[in-house]
Amino acid sequence: MKVNPSEVCSAYIQKQVKVNTNKNINRMTVKSADIFQHKFPNTNLGFCKGFTKGLMKTKLIIEQHIHGCFGVDFNKAGVNDLLSVSQELLPRGIGGFFPTLVTDSIDNLKRQIGVINEAAQKQSGACAKILGIHLEGNFINPEKKGIHNPKHFLELTKENYSKLDDDFIKIVTLAPELDINLIDYLKTKNVKVQAGHCTGGDLSKCDGVTHLFNAMSGISHRGNSTSVSALVNDNLYTEVIADGVHLSDDILNLTFRTKPEDKIILISDALPVTHSNIKETYFADEKIYYDGVKATSKDGTLAGSTTLVPDIVKILGQKNMFKPKYVENVYDYHKLDIDGSIEWDNNFNIISVSTKYKP
Ligand SMILES: [Zn+2]
């Protein structure tokens, strides 16, 4: 079936379907009487292949670590950019996201925190909901800086954090081994503290770990290691970039065998070039080159992924390594709920995305 890609976002099929009632009253729950199916915008990925009966159903995807996509950089975006990204994400199965800010000047971060807040307030109807901000920056270890610009790094103090403090910041990635008095303060605000871009092995004050194995000390049989602590501590949630580029299949196997199934969170760490035609751009003050598979700085440092989590589900699924819990644990982590579901075919293509929102 041929479909004009410019039409598919706005096209929809209405269906009157009974809704699963969510009984967990402690959660931020959206309920609905009707469910609408959103057409997947990429006609190569299944939706238009003939409505094969779905073999797997999952909740909507929540992206808790995403720097941008479709050419939009959340460190630079305007309110309308965020609104348009959120509308594009929903038909791809993404029901919510935490725009993630990379290390930047305090002025730029404050501006973008304001922009994201404003965009979240203006959202309505069929779009991926902006659920909060993930701050991945400024409080990390220069030894594991990755693509981040160390010029903006700050000591991990409550006083430094107060320069950009905002209630919409829900996740902070930081280097726990450098903490002075920041983690205790973040705890008082119920901000999720995630160890990342770090070397320390004491993760006792952390809720989770940011992109396990990437930009942290790796497996070692002596001394401190963030990765080893993350693997053996059953209470810690671990973000995983399973895009086929950031982690080998052996490491994924090790992670999935070691961690409790309910502590894995698939993330994309998507860069602004994701799902765009951009081959070169600036991200985190660094020139980034995208070769169609991976995006790196000139010296080859990986800058983030060029996939979205639904793409990663397909990559993992085809390796027989995917479990629905890996995209559903994020709901428990943040104690939230979004009504809606995704149906996938046997090749892990999205067949349909159902929500209460009329496209
Ligand atoms: Zn990131």
# chains A, B, ... in the order shown; residues from 1 in each chain; ligands from 1
call {"tool": "residues_around", "arguments": {"residues": "Glu155 in chain A", "least_positions_apart": "5", "cutoff": "10 Å", "atoms": "only C-alpha atoms", "output": "PyMOL selection string"}}
result
chain A and resi 138-141+160-161+178-182
call {"tool": "residues_near_ligand", "arguments": {"ligand": "ligand 1", "cutoff": "7 Å", "atoms": "only C-alpha atoms and all ligand atoms", "output": "list in words"}}
result
His65, Ile66, His67, Thr100, Val102, Glu136, Asp269 and Gly304 of chain A
call {"tool": "closest_residue", "arguments": {"among": "A:Ile147, A:Thr355, A:Ala242, A:Ile342", "to": "Thr296 in chain A", "atoms": "only C-alpha atoms"}}
result
A:Ile147
call {"tool": "closest_residue", "arguments": {"among": "A:Leu135, A:Leu55, A:Ile61, A:Leu252", "to": "Lys325 in chain A", "atoms": "only C-alpha atoms"}}
result
A:Ile61
call {"tool": "select_by_dssp", "arguments": {"residues": "range 103-289 of chain A", "states": "strand (DSSP E or B)", "output": "number ranges by chain"}}
result
A: 129-130, 133-136, 156, 169-174, 179, 192-195, 198, 208-209, 216, 237-240, 264-266, 270, 280-283, 286-289
call {"tool": "atom_distance", "arguments": {"atom1": "CA of Asn214 in chain A", "atom2": "CA of Tyr333 in chain A"}}
result
20.9 Å
call {"tool": "residues_around", "arguments": {"residues": "Gln64 in chain A", "least_positions_apart": "6", "cutoff": "7 Å", "atoms": "only C-alpha atoms", "output": "list in words"}}
result
Phe97, Phe98 and Ile267 of chain A
call {"tool": "write_last_selection", "arguments": {"atoms": "N, CA and C atoms", "output": "PDB file, in the first residue's frame"}}
result
ATOM      1  N   PHE A  97       8.391  11.930  27.288  1.00  0.00           N
ATOM      2  CA  PHE A  97       9.851  12.038  27.250  1.00  0.00           C
ATOM      3  C   PHE A  97      10.340  13.100  28.225  1.00  0.00           C
ATOM      4  N   PHE A  98      11.605  12.922  28.600  1.00  0.00           N
ATOM      5  CA  PHE A  98      12.288  13.878  29.468  1.00  0.00           C
ATOM      6  C   PHE A  98      13.378  14.541  28.626  1.00  0.00           C
ATOM      7  N   ILE A 267      17.126   3.275  26.887  1.00  0.00           N
ATOM      8  CA  ILE A 267      17.140   4.704  26.517  1.00  0.00           C
ATOM      9  C   ILE A 267      17.737   4.817  25.120  1.00  0.00           C
TER      10      ILE A 267
END
call {"tool": "residues_around", "arguments": {"residues": "Val293 in chain A", "least_positions_apart": "4", "cutoff": "9 Å", "atoms": "only C-alpha atoms", "output": "ChimeraX atom specification"}}
result
/A:245,305-306
call {"tool": "residues_around", "arguments": {"residues": "Asp107 in chain A", "least_positions_apart": "6", "cutoff": "10 Å", "atoms": "only C-alpha atoms", "output": "count of residues only"}}
result
3
call {"tool": "residues_around", "arguments": {"residues": "Lys298 in chain A", "least_positions_apart": "4", "cutoff": "8 Å", "atoms": "only C-alpha atoms", "output": "PyMOL selection string"}}
result
chain A and resi 287-289
call {"tool": "closest_residue", "arguments": {"among": "A:Cys127, A:Ile116, A:Leu316, A:Ile251", "to": "Lys358 in chain A", "atoms": "only C-alpha atoms"}}
result
A:Cys127
call {"tool": "atom_distance", "arguments": {"atom1": "CA of His275 in chain A", "atom2": "CA of Leu302 in chain A"}}
result
17.1 Å
call {"tool": "closest_residue", "arguments": {"among": "A:Leu156, A:Leu101, A:Leu212, A:Leu89", "to": "Lys76 in chain A", "atoms": "only C-alpha atoms"}}
result
A:Leu101
call {"tool": "residues_around", "arguments": {"residues": "Asp234 in chain A", "least_positions_apart": "4", "cutoff": "8 Å", "atoms": "only C-alpha atoms", "output": "ChimeraX atom specification"}}
result
/A:230,259-260,263
